[in-house]
Every structure is written in C-alpha cells, then in structure tokens.
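> So here's model08.txt, just compact mmCIF, C-alpha atoms (C1' of nucleotides):
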```
# COMPACT_ATOMS: atom_id res chain seq x y z
CA MET A 1 200.24 16.74 60.63
CA ALA A 2 200.43 18.98 57.61
CA TYR A 3 196.96 20.45 58.03
CA ASP A 4 197.16 21.41 61.69
CA LEU A 5 197.95 25.06 61.09
CA ILE A 6 195.31 25.74 58.48
CA LEU A 7 192.64 24.01 60.60
CA GLN A 8 193.59 26.13 63.59
CA ASN A 9 193.38 29.20 61.37
CA ILE A 10 189.83 28.28 60.44
CA ALA A 11 188.88 27.31 63.99
CA LYS A 12 189.53 30.91 65.04
CA HIS A 13 186.29 31.87 63.31
CA ILE A 14 184.07 28.84 62.66
CA THR A 15 183.47 25.33 64.00
CA LEU A 16 183.39 22.38 61.60
CA THR A 17 182.08 18.84 62.05
CA THR A 18 184.50 15.97 61.44
CA GLY A 19 182.84 15.30 58.09
CA GLU A 20 183.16 18.93 57.03
CA THR A 21 186.78 18.99 58.13
CA ASN A 22 187.56 15.89 56.08
CA HIS A 23 185.76 17.25 53.05
CA PHE A 24 187.67 20.52 53.34
CA ILE A 25 191.00 18.71 53.67
CA SER A 26 190.25 16.65 50.57
CA LEU A 27 190.23 19.88 48.54
CA LEU A 28 193.64 21.11 49.68
CA LYS A 29 196.88 20.78 47.73
CA PRO A 30 199.91 21.24 49.98
CA GLU A 31 203.14 22.22 48.27
CA ALA A 32 206.72 22.94 49.27
CA ILE A 33 208.11 25.74 47.13
CA LYS A 34 211.62 27.04 46.78
CA LYS A 35 212.72 30.62 47.27
CA LYS A 36 212.04 32.75 44.14
CA THR A 37 209.44 30.34 42.76
CA ILE A 38 206.75 32.33 41.00
CA LEU A 39 203.28 30.96 41.77
CA LEU A 40 201.40 33.45 39.61
CA ARG A 41 202.44 35.71 36.75
CA GLU A 42 200.73 38.78 35.35
CA GLY A 43 198.35 37.79 32.58
CA GLN A 44 197.77 34.22 33.79
CA LEU A 45 194.46 33.02 35.12
CA CYS A 46 194.50 32.96 38.89
CA ASN A 47 192.81 29.73 39.94
CA ASN A 48 194.18 29.39 43.46
CA ILE A 49 194.08 31.04 46.81
CA TYR A 50 197.08 30.16 48.97
CA TYR A 51 197.41 29.64 52.70
CA VAL A 52 201.00 30.07 53.91
CA SER A 53 202.00 27.34 56.39
CA SER A 54 205.61 28.52 56.66
CA GLY A 55 207.93 30.93 54.90
CA ILE A 56 206.81 34.13 53.22
CA LEU A 57 205.20 35.07 49.90
CA ARG A 58 205.07 38.46 48.19
CA ALA A 59 202.54 39.87 45.72
CA TYR A 60 203.71 42.66 43.44
CA HIS A 61 202.67 44.61 40.40
CA LEU A 62 204.95 45.67 37.53
CA ASP A 63 204.12 49.10 36.13
CA LYS A 64 204.63 50.22 32.53
CA ASP A 65 208.26 51.22 33.28
CA GLY A 66 209.03 47.83 34.82
CA LYS A 67 209.04 49.21 38.36
CA GLU A 68 207.78 46.87 41.09
CA ALA A 69 205.06 47.87 43.57
CA THR A 70 204.74 45.38 46.42
CA ILE A 71 201.07 44.91 47.22
CA MET A 72 201.39 42.54 50.14
CA PHE A 73 203.64 40.20 52.04
CA ALA A 74 202.06 36.99 53.35
CA LEU A 75 203.77 35.54 56.40
CA SER A 76 202.97 32.17 57.83
CA ASP A 77 199.25 31.85 58.75
CA TRP A 78 198.16 34.39 56.10
CA TRP A 79 195.97 33.88 53.00
CA ILE A 80 197.04 35.40 49.69
CA THR A 81 195.92 35.59 46.07
CA ASP A 82 195.31 38.17 43.35
CA MET A 83 191.78 38.64 44.69
CA PHE A 84 190.39 40.64 41.78
CA CYS A 85 191.49 38.08 39.26
CA PHE A 86 190.63 35.10 41.46
CA VAL A 87 187.10 36.35 42.02
CA ASN A 88 186.38 37.60 38.51
CA GLN A 89 188.48 35.03 36.65
CA GLN A 90 190.36 37.74 34.79
CA PRO A 91 194.05 37.71 33.81
CA ALA A 92 196.24 38.48 36.83
CA MET A 93 197.59 41.98 37.50
CA LEU A 94 199.96 40.64 40.13
CA PHE A 95 202.93 38.35 40.45
CA ILE A 96 203.08 36.13 43.52
CA GLU A 97 206.50 34.76 44.46
CA ALA A 98 208.15 32.97 47.36
CA VAL A 99 210.56 35.27 49.16
CA GLU A 100 211.95 32.24 51.02
CA ASN A 101 211.49 28.49 50.84
CA SER A 102 207.88 28.10 51.92
CA ALA A 103 205.18 25.55 52.62
CA ILE A 104 201.80 26.51 51.22
CA VAL A 105 198.35 25.02 50.80
CA ALA A 106 196.48 25.76 47.58
CA LEU A 107 192.70 25.87 47.27
CA GLN A 108 191.14 26.09 43.82
CA LYS A 109 188.47 28.65 42.86
CA LYS A 110 186.00 25.97 41.71
CA ASP A 111 186.48 23.98 44.91
CA LEU A 112 185.98 27.06 47.04
CA ASP A 113 182.80 27.96 45.13
CA ASN A 114 181.45 24.48 45.82
CA LEU A 115 182.59 24.60 49.41
CA PHE A 116 180.50 27.73 49.99
CA ILE A 117 177.45 25.74 48.94
CA GLU A 118 178.27 22.47 50.69
CA VAL A 119 179.57 24.00 53.93
CA PRO A 120 177.93 27.42 54.28
CA SER A 121 179.89 28.29 57.42
CA PHE A 122 182.84 28.92 55.07
CA GLU A 123 180.88 31.96 53.91
CA ARG A 124 181.29 33.30 57.43
CA PHE A 125 184.96 32.38 57.50
CA PHE A 126 185.75 34.14 54.25
CA ARG A 127 183.45 37.05 55.12
CA ILE A 128 185.73 37.67 58.10
CA ILE A 129 188.91 37.13 56.07
CA MET A 130 187.71 39.60 53.42
CA GLN A 131 186.58 42.08 56.07
CA ASN A 132 190.02 42.04 57.68
CA ALA A 133 191.72 42.37 54.31
CA TYR A 134 189.49 45.33 53.40
CA VAL A 135 190.25 47.07 56.69
CA ARG A 136 193.98 46.48 56.21
CA GLU A 137 193.98 48.00 52.74
CA GLN A 138 191.85 50.93 53.86
CA VAL A 139 194.25 51.75 56.67
CA ARG A 140 197.07 51.56 54.16
CA VAL A 141 195.29 54.02 51.85
CA ILE A 142 194.83 56.42 54.79
CA GLN A 143 198.50 56.16 55.64
CA ASN A 144 199.62 56.59 52.03
CA LEU A 145 197.53 59.77 51.83
CA SER A 146 198.39 61.31 55.17
CA LEU A 147 201.88 60.25 56.23
CA SER A 148 205.37 61.01 54.94
CA ALA A 149 207.61 58.21 53.70
CA GLU A 150 209.54 58.33 56.95
CA GLU A 151 206.37 57.94 59.06
CA ARG A 152 205.15 55.09 56.87
CA TYR A 153 208.46 53.32 57.37
CA GLN A 154 208.23 53.70 61.14
CA HIS A 155 204.69 52.31 61.16
CA PHE A 156 205.78 49.42 58.97
CA ILE A 157 208.63 48.29 61.20
CA ASN A 158 206.42 48.58 64.28
CA LYS A 159 203.53 46.68 62.73
CA TYR A 160 205.48 44.01 60.86
CA PRO A 161 208.80 43.42 62.67
CA GLN A 162 208.78 39.84 61.43
CA ILE A 163 208.59 40.89 57.80
CA VAL A 164 211.49 43.31 58.27
CA LYS A 165 213.66 40.33 59.24
CA GLN A 166 212.69 38.26 56.22
CA VAL A 167 212.68 40.54 53.18
CA THR A 168 215.13 42.91 51.52
CA GLN A 169 215.04 46.68 51.94
CA LYS A 170 214.38 46.96 48.24
CA GLN A 171 211.15 45.03 48.75
CA ILE A 172 210.14 47.14 51.74
CA ALA A 173 210.85 50.29 49.71
CA SER A 174 208.57 49.04 46.93
CA TYR A 175 205.84 48.35 49.54
CA LEU A 176 206.16 51.87 50.97
CA GLY A 177 206.27 53.49 47.54
CA VAL A 178 209.78 54.92 47.70
CA THR A 179 213.07 54.09 45.99
CA PRO A 180 215.61 51.86 47.77
CA GLU A 181 218.03 54.82 47.73
CA PHE A 182 215.60 57.05 49.57
CA LEU A 183 214.76 54.34 52.12
CA SER A 184 218.46 53.89 52.73
CA SER A 185 218.83 57.61 53.46
CA LEU A 186 215.89 57.47 55.92
CA ARG A 187 217.50 54.58 57.79
CA LYS A 188 220.78 56.45 58.01
CA LYS A 189 219.08 59.52 59.50
CA ASP A 190 217.38 57.34 62.12
CA LYS A 191 220.57 56.37 63.88
CA MET B 1 158.33 51.78 48.51
CA ALA B 2 161.29 52.97 50.52
CA TYR B 3 163.00 49.58 50.71
CA ASP B 4 162.85 48.67 47.03
CA LEU B 5 166.39 49.72 46.22
CA ILE B 6 168.09 48.05 49.15
CA LEU B 7 166.17 44.81 48.51
CA GLN B 8 167.23 44.86 44.87
CA ASN B 9 170.80 45.44 46.00
CA ILE B 10 170.62 42.31 48.14
CA ALA B 11 168.81 40.28 45.49
CA LYS B 12 171.86 40.69 43.23
CA HIS B 13 173.67 38.17 45.43
CA ILE B 14 171.24 36.16 47.59
CA THR B 15 167.59 35.07 47.63
CA LEU B 16 165.48 35.63 50.73
CA THR B 17 162.14 34.14 51.79
CA THR B 18 159.29 36.54 52.54
CA GLY B 19 159.81 35.99 56.27
CA GLU B 20 163.53 36.72 56.02
CA THR B 21 162.84 39.84 53.97
CA ASN B 22 160.37 41.12 56.57
CA HIS B 23 162.74 40.39 59.40
CA PHE B 24 165.53 42.21 57.60
CA ILE B 25 163.32 45.22 56.90
CA SER B 26 162.34 45.40 60.56
CA LEU B 27 165.99 46.11 61.41
CA LEU B 28 166.40 49.04 59.01
CA LYS B 29 166.24 52.71 59.97
CA PRO B 30 165.67 54.90 56.92
CA GLU B 31 166.70 58.54 57.26
CA ALA B 32 166.64 61.64 55.12
CA ILE B 33 169.75 63.71 55.80
CA LYS B 34 170.64 67.21 54.71
CA LYS B 35 173.77 68.22 52.86
CA LYS B 36 176.76 68.59 55.23
CA THR B 37 175.18 66.46 57.97
CA ILE B 38 177.92 64.51 59.72
CA LEU B 39 176.83 60.94 60.43
CA LEU B 40 180.04 59.89 62.16
CA ARG B 41 182.88 61.83 63.76
CA GLU B 42 186.41 60.75 64.58
CA GLY B 43 186.53 59.31 68.09
CA GLN B 44 182.87 58.27 68.24
CA LEU B 45 181.77 54.67 68.35
CA CYS B 46 180.64 53.53 64.92
CA ASN B 47 177.47 51.50 65.47
CA ASN B 48 175.98 51.71 61.99
CA ILE B 49 176.60 50.63 58.46
CA TYR B 50 174.78 52.80 55.91
CA TYR B 51 173.20 51.94 52.58
CA VAL B 52 172.82 55.00 50.34
CA SER B 53 169.38 55.11 48.63
CA SER B 54 169.99 58.48 47.00
CA GLY B 55 172.50 61.30 47.19
CA ILE B 56 176.16 60.87 48.06
CA LEU B 57 178.21 60.40 51.23
CA ARG B 58 181.91 60.91 51.79
CA ALA B 59 184.27 59.30 54.32
CA TYR B 60 187.43 61.20 55.20
CA HIS B 61 190.28 61.21 57.67
CA LEU B 62 191.81 64.30 59.28
CA ASP B 63 195.57 64.05 59.74
CA LYS B 64 197.60 65.66 62.50
CA ASP B 65 197.90 68.92 60.49
CA GLY B 66 194.14 69.09 59.92
CA LYS B 67 194.45 68.04 56.28
CA GLU B 68 191.59 65.94 54.88
CA ALA B 69 192.17 62.62 53.10
CA THR B 70 189.04 61.36 51.37
CA ILE B 71 188.81 57.60 51.83
CA MET B 72 185.70 56.93 49.80
CA PHE B 73 182.65 58.42 48.16
CA ALA B 74 179.43 56.40 48.40
CA LEU B 75 176.99 57.03 45.60
CA SER B 76 173.46 55.74 45.57
CA ASP B 77 173.36 51.90 45.89
CA TRP B 78 176.66 51.76 47.84
CA TRP B 79 177.32 50.62 51.42
CA ILE B 80 179.58 52.70 53.65
CA THR B 81 180.92 52.75 57.20
CA ASP B 82 184.22 53.09 59.05
CA MET B 83 184.72 49.35 58.71
CA PHE B 84 187.63 48.97 61.12
CA CYS B 85 185.76 50.73 63.89
CA PHE B 86 182.42 49.14 63.05
CA VAL B 87 183.89 45.63 63.16
CA ASN B 88 186.15 46.08 66.16
CA GLN B 89 183.99 48.59 68.04
CA GLN B 90 186.86 51.02 68.36
CA PRO B 91 186.64 54.84 68.21
CA ALA B 92 186.24 56.01 64.62
CA MET B 93 189.21 57.19 62.54
CA LEU B 94 186.90 58.60 59.90
CA PHE B 95 184.27 61.26 59.46
CA ILE B 96 181.26 60.38 57.31
CA GLU B 97 179.27 63.29 55.90
CA ALA B 98 176.54 63.91 53.35
CA VAL B 99 177.93 65.73 50.33
CA GLU B 100 174.35 66.38 49.17
CA ASN B 101 170.89 65.87 50.63
CA SER B 102 170.67 62.09 50.79
CA ALA B 103 168.37 59.24 51.71
CA ILE B 104 170.09 56.49 53.63
CA VAL B 105 169.22 53.29 55.46
CA ALA B 106 171.07 52.52 58.69
CA LEU B 107 171.72 49.03 60.02
CA GLN B 108 173.13 48.61 63.52
CA LYS B 109 176.13 46.45 64.37
CA LYS B 110 174.24 44.36 66.95
CA ASP B 111 171.36 43.77 64.53
CA LEU B 112 173.76 42.73 61.78
CA ASP B 113 175.54 40.34 64.14
CA ASN B 114 172.21 38.72 64.99
CA LEU B 115 171.16 38.70 61.35
CA PHE B 116 174.23 36.65 60.46
CA ILE B 117 173.01 33.99 62.90
CA GLU B 118 169.30 34.14 62.08
CA VAL B 119 169.67 34.42 58.30
CA PRO B 120 173.03 32.86 57.39
CA SER B 121 172.71 33.80 53.73
CA PHE B 122 173.61 37.33 54.80
CA GLU B 123 177.07 35.93 55.49
CA ARG B 124 177.30 35.29 51.75
CA PHE B 125 175.96 38.72 50.94
CA PHE B 126 178.47 40.52 53.12
CA ARG B 127 181.25 38.16 52.10
CA ILE B 128 180.73 39.42 48.55
CA ILE B 129 180.40 43.07 49.65
CA MET B 130 183.66 42.81 51.64
CA GLN B 131 185.39 40.99 48.79
CA ASN B 132 184.47 43.78 46.36
CA ALA B 133 185.53 46.44 48.85
CA TYR B 134 188.87 44.68 49.38
CA VAL B 135 189.50 44.45 45.65
CA ARG B 136 188.63 48.13 45.20
CA GLU B 137 191.06 49.23 47.89
CA GLN B 138 193.77 46.96 46.56
CA VAL B 139 193.45 48.40 43.08
CA ARG B 140 193.64 51.85 44.63
CA VAL B 141 196.85 50.95 46.45
CA ILE B 142 198.34 49.67 43.18
CA GLN B 143 197.42 52.90 41.43
CA ASN B 144 198.73 55.09 44.27
CA LEU B 145 202.05 53.26 44.05
CA SER B 146 202.47 53.09 40.30
CA LEU B 147 200.71 56.06 38.67
CA SER B 148 201.38 59.81 38.61
CA ALA B 149 198.80 62.23 39.98
CA GLU B 150 197.75 63.06 36.43
CA GLU B 151 197.17 59.40 35.55
CA ARG B 152 195.24 58.83 38.77
CA TYR B 153 193.00 61.78 37.93
CA GLN B 154 192.31 60.40 34.44
CA HIS B 155 191.43 56.99 35.87
CA PHE B 156 189.18 58.61 38.43
CA ILE B 157 187.11 60.61 35.95
CA ASN B 158 186.78 57.58 33.69
CA LYS B 159 185.78 55.23 36.51
CA TYR B 160 183.53 57.59 38.46
CA PRO B 161 182.04 60.16 36.06
CA GLN B 162 179.00 60.42 38.30
CA ILE B 163 181.07 61.39 41.34
CA VAL B 164 182.88 64.08 39.34
CA LYS B 165 179.51 65.73 38.75
CA GLN B 166 178.52 65.69 42.42
CA VAL B 167 181.55 66.67 44.48
CA THR B 168 183.99 69.61 44.57
CA GLN B 169 187.45 69.52 43.05
CA LYS B 170 188.85 70.02 46.49
CA GLN B 171 187.26 66.72 47.56
CA ILE B 172 188.54 64.92 44.46
CA ALA B 173 192.03 66.32 45.14
CA SER B 174 191.90 64.95 48.69
CA TYR B 175 190.85 61.54 47.30
CA LEU B 176 193.74 61.52 44.83
CA GLY B 177 196.25 62.71 47.43
CA VAL B 178 197.15 66.05 45.82
CA THR B 179 196.43 69.69 46.70
CA PRO B 180 193.50 71.48 45.06
CA GLU B 181 196.04 73.89 43.51
CA PHE B 182 197.90 71.08 41.82
CA LEU B 183 194.69 69.42 40.59
CA SER B 184 193.65 72.75 39.12
CA SER B 185 196.91 72.98 37.20
CA LEU B 186 196.45 69.42 35.86
CA ARG B 187 192.97 70.29 34.60
CA LYS B 188 194.30 73.39 32.88
CA LYS B 189 196.98 71.41 31.06
CA ASP B 190 194.37 68.92 29.85
CA LYS B 191 192.55 71.37 27.65
C1' DA C 1 169.74 90.78 46.51
C1' DC C 2 173.55 91.22 49.18
C1' DA C 3 177.62 89.94 52.39
C1' DG C 4 180.46 86.57 53.78
C1' DA C 5 182.44 82.35 53.09
C1' DT C 6 184.22 78.76 50.17
C1' DT C 7 186.13 77.24 46.07
C1' DC C 8 188.91 77.68 42.07
C1' DT C 9 192.71 79.59 39.60
C1' DT C 10 197.32 81.44 38.76
C1' DA C 11 201.99 82.09 39.73
C1' DA C 12 206.31 82.18 42.38
C1' DT C 13 209.05 79.65 45.41
C1' DC C 14 210.30 75.56 47.95
C1' DT C 15 211.06 70.56 49.25
C1' DA C 16 210.42 65.57 49.58
C1' DC C 17 211.59 62.31 46.95
C1' DC C 18 213.56 60.60 42.30
C1' DT C 19 217.36 59.63 38.96
C1' DT C 20 221.77 58.48 37.84
C1' DA C 21 226.04 56.73 38.80
C1' DA C 22 229.85 55.05 41.38
C1' DT C 23 231.47 52.10 45.43
C1' DT C 24 231.06 48.57 48.70
C1' DC C 25 228.94 44.58 50.56
C1' DC C 26 226.91 40.08 50.44
C1' DA C 27 224.92 35.81 48.87
C1' DT C 28 224.64 32.35 45.45
C1' DT C 29 226.48 29.23 42.28
C1' DG C 30 230.09 26.67 39.56
C1' DC D 1 236.86 29.63 47.21
C1' DA D 2 236.49 32.62 43.21
C1' DA D 3 233.47 34.80 40.45
C1' DT D 4 229.38 37.02 39.58
C1' DG D 5 225.23 39.55 40.19
C1' DG D 6 222.11 41.59 43.09
C1' DA D 7 221.53 44.59 47.46
C1' DA D 8 222.79 48.50 50.06
C1' DT D 9 225.03 52.93 50.52
C1' DT D 10 226.44 57.59 49.23
C1' DA D 11 226.23 61.75 46.76
C1' DA D 12 225.06 65.16 43.05
C1' DG D 13 221.63 67.02 40.38
C1' DG D 14 216.63 67.05 38.89
C1' DT D 15 211.39 67.12 39.13
C1' DA D 16 206.58 66.25 40.67
C1' DG D 17 203.95 68.15 43.57
C1' DA D 18 203.59 71.30 48.07
C1' DT D 19 203.25 75.85 50.01
C1' DT D 20 202.06 80.49 50.09
C1' DA D 21 199.60 84.31 48.60
C1' DA D 22 196.39 86.90 46.03
C1' DG D 23 192.48 87.62 42.97
C1' DA D 24 188.23 85.83 40.57
C1' DA D 25 184.30 82.95 40.64
C1' DT D 26 180.65 80.61 42.95
C1' DC D 27 177.83 79.22 46.69
C1' DT D 28 175.13 80.12 51.13
C1' DG D 29 172.30 82.01 54.32
C1' DT D 30 169.38 85.88 55.65
```
Would you give me this structure, written as structure tokens?

Amino acid sequence: MAYDLILQNIAKHITLTTGETNHFISLLKPEAIKKKTILLREGQLCNNIYYVSSGILRAYHLDKDGKEATIMFALSDWWITDMFCFVNQQPAMLFIEAVENSAIVALQKKDLDNLFIEVPSFERFFRIIMQNAYVREQVRVIQNLSLSAEERYQHFINKYPQIVKQVTQKQIASYLGVTPEFLSSLRKKDK
Amino acid sequence: MAYDLILQNIAKHITLTTGETNHFISLLKPEAIKKKTILLREGQLCNNIYYVSSGILRAYHLDKDGKEATIMFALSDWWITDMFCFVNQQPAMLFIEAVENSAIVALQKKDLDNLFIEVPSFERFFRIIMQNAYVREQVRVIQNLSLSAEERYQHFINKYPQIVKQVTQKQIASYLGVTPEFLSSLRKKDK
DNA sequence: ACAGATTCTTAATCTACCTTAATTCCATTG
DNA sequence: CAATGGAATTAAGGTAGATTAAGAATCTGT
C-alpha cells in the first residue's frame, strides 16, 4: 500500500509498535503532484516536511538578480523541506518544486511536534535524519571551498548518477554554482 | 563549578533528573588546552565530540595542494566535531585545533551512544543540535552560491563579530573561500 | 629585548569562470 | 504536426578573484 515505502524508511532506524505505526500513518497526507508544481514559494510559511515516494523534487533559492541556486534534489526515499523556515516558522527562503510527476507524503509541523512527545522514538529517527543532512551539507561546503568546478561536477555525477538522469543540465549547473554555458564547456572537454 | 555552562546549554532544550544529570556528568572529560593544540588530525579516528566552555576552536580541511579550508569556528557554548567521521567511525577529513587557550569538555562516541539508550531525552537534545547545525550549513551553501566574496565577508562580520575579534584574517579568508590577499583588498576598499 | 617566523598589505599579472549573443535542438501544447 | 519556448551548445570578450613577489607590521619563543 501507499505507506510501505515511508514505513520502511523509518524502520531503518527505529522500531514502532502497531499502535504507533497507525498513529503515525493517521498524520500523513499523501499527494500526487504534477511536474513543475510548486509546493513552497519564497515568503510563504513552510508548514510541511515532505517524504518523496516517487519522482524527484528540487529546492532552490532565487538571489537578488533572479538567479537560481539549487540547494538540494530529493529523489525517491528522501525527506525535504526548507528546514530553517519549517523549524523556526519563518517565511521561506526556498522554493520547492516537482522536477517530474511525483508521489509525496506531507507531514505537518504541528503534527510532528506532537509526534515527538507522543512517540519519543521519532526524536531518534529525526536526530539521525538531521545528522545525515548536516554531514551532507558539510561535505558540500568542503567541496565548494576546495575543488574546482570541474572536480565538483565529476564528484556529482559519481555520487548522484540517478539525479543526472532526471534533471536538466541547467539545474545541475545551478547546484554546482556555475553557469549552464560553463558546465556545457566542461562536458565537451571531458570527451 | 566546571559543568555549569554545559548543563545550562542542555537545559535550553531538555530537562534532566538529578540522577540523569549525575550520570551525564560522569561521562564528561574536561580539559584545558593550549593555543595551537591539535585535538584531531586528518586520518585519525574521531572518538570525541567537544563542548567549548571557553576559548575558540577551529575545524579545517587541507586540500590536495595543502590549502586550508576552514569549515567552522566553535566559540564558547558551541559543540564541535568532525561529524561524518564521528558518526560513521571513519578516518577524519578535518583537523580541529585550538585558536586560543581553551577549556573544553569531551564526550566519547561510545558513551554518547549509550546515553541515547539510557537517557532518551538526549535524543531530543541532539536532534535539535543537529537540526541547527544542518540549517547553518544550508544557509552557508546558499550564501556561497549566491553572494560575492565581499557580501559574504559583510555577512560574516555582522553574524559573528566575536569571531572576528579572536581569529586571524587568514583564517577568516579560508572560511569565506578567498585568499588572504583578496580579503585584505576588500577591507581596504571598505574604508 | 631580540631574532625568526607569521601575518598583513600592496601591486602587477594571470586565469577560471561569467556575460552576452547567436544557433541548434528538443519537448510541450494547441 | 506546427508552433513556440526553453535547454544546450559555441564563441568572443570581460571580470572577480588567484598567484606571485616583496616589504611592513606583528607575534613568538628564548
């Protein structure tokens, strides 16, 4: 059924009783969303964290010149939100959009806050999720500071071959912090 | 006493019983370390997470050309470790050194793992610590992608005036991802 | 208090990556 | 299936920031 994947995702880190599982499921809002649907816009309140069941989402920031910076891609089995704004209930800095038709599961901030109290093992689950996310971003900072654009591109295609298949080069360029023109010239050199 | 600060730090997010507090304290190893002491070197196992009681630590990465990239500064009341290597028990990618004489409290990986089981509210505490660390790194990625070196420097001195007083310009340059020469020229322009 | 080592500054030169613009290639929609 | 608009490519010219080198300022250890 529709909740299989998300329950397996959770079972990687914690064990729930049947009652806890049912309570958790009662909080979830599954949704099928079309390609290009925008789930969150800059300036809005960010009330949801999303689990991606299938498809792929992208979070990006628009700078003062209207240039996009891709903050993350979320493939199937990933969690995504504008964490700063979700946690602090501030207006969003990020846009979150579906790159392809996707199936997602939404969990609301207030429900998650209650869940932490009612089922404390979710503290462990999200501690691990946050820990992994922190490590990921830290490695990215290291790479941004110490590698050339070409090296970052090579790492990206090795680490995320699946993403390379599903998104445009323009989006990859905006993740790496280069222009699409420059990425194109790197790819040409490669061959 | 010596544990006041760290207990206050924890009390911001969770409440402990007297027994839990004593158990927690029994796991801590306070240390006074001199300026330039290196607590962790690249390639070593990273068995400790450090709480900074006073002074300031710095985590940095050395790239293949021997160039330093500063990953974080930890002022008093901050937690710091090479999180990837601490969590996954892999050889460290980072060096951690004391920028000034500092007082720190070390907590070992195995003790923290047990603490999560014996005092589950520490899951909440570290969930929040990890969440904040994730958000911080994500904001840094956004700024690296969408701001010029000059804008990043302005943000840095506004956000961390205390750090500016305690570290060299060379270290700030390596945090911002520019050369000390270029940072110097930015500072000149400013006035 | 001095010598040696870092750090900071300045300036000239260089380069990785950007900007602009034109052309081709797709994918979506009517 | 034609039309349209975005994506990718190519190329010329431009700039933020790197590199190199040298001198001045500051810190460190004895």
> Find the spatial neighbours of DG6 (chain D), counting all atoms listed in the file, within a cut-off of 10 Å - ignore same-chain residues fewer than 3 positions away - and output them as a PyMOL selection string.
chain C and resi 26-28
> Tell me, as a count of residues only, which residues lie within 8 Å of region 83-93 of chain B, counting all atoms listed in the file; anything in the same chain fewer than 2 positions away does not count.
17
> Between D:DC27, D:DA2, D:DA18, D:DA8, single out the one closest to chain B, counting all atoms listed in the file.
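Of D:DC27, D:DA2, D:DA18, D:DA8, the one nearest chain B is D:DA18, counting all atoms listed in the file.
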> Give me, as number ranges by chain, the contact residues of chain C against chain B at a cut-off of 10 Å, counting all atoms listed in the file.
C: 7-10
> Please indicate the distance in Å from CA of Thr37 (chain B) to CA of Leu75 (chain B), rounded to one decimal place.
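Spanning CA of Thr37 (chain B) to CA of Leu75 (chain B) is a straight-line distance of 15.7 Å.
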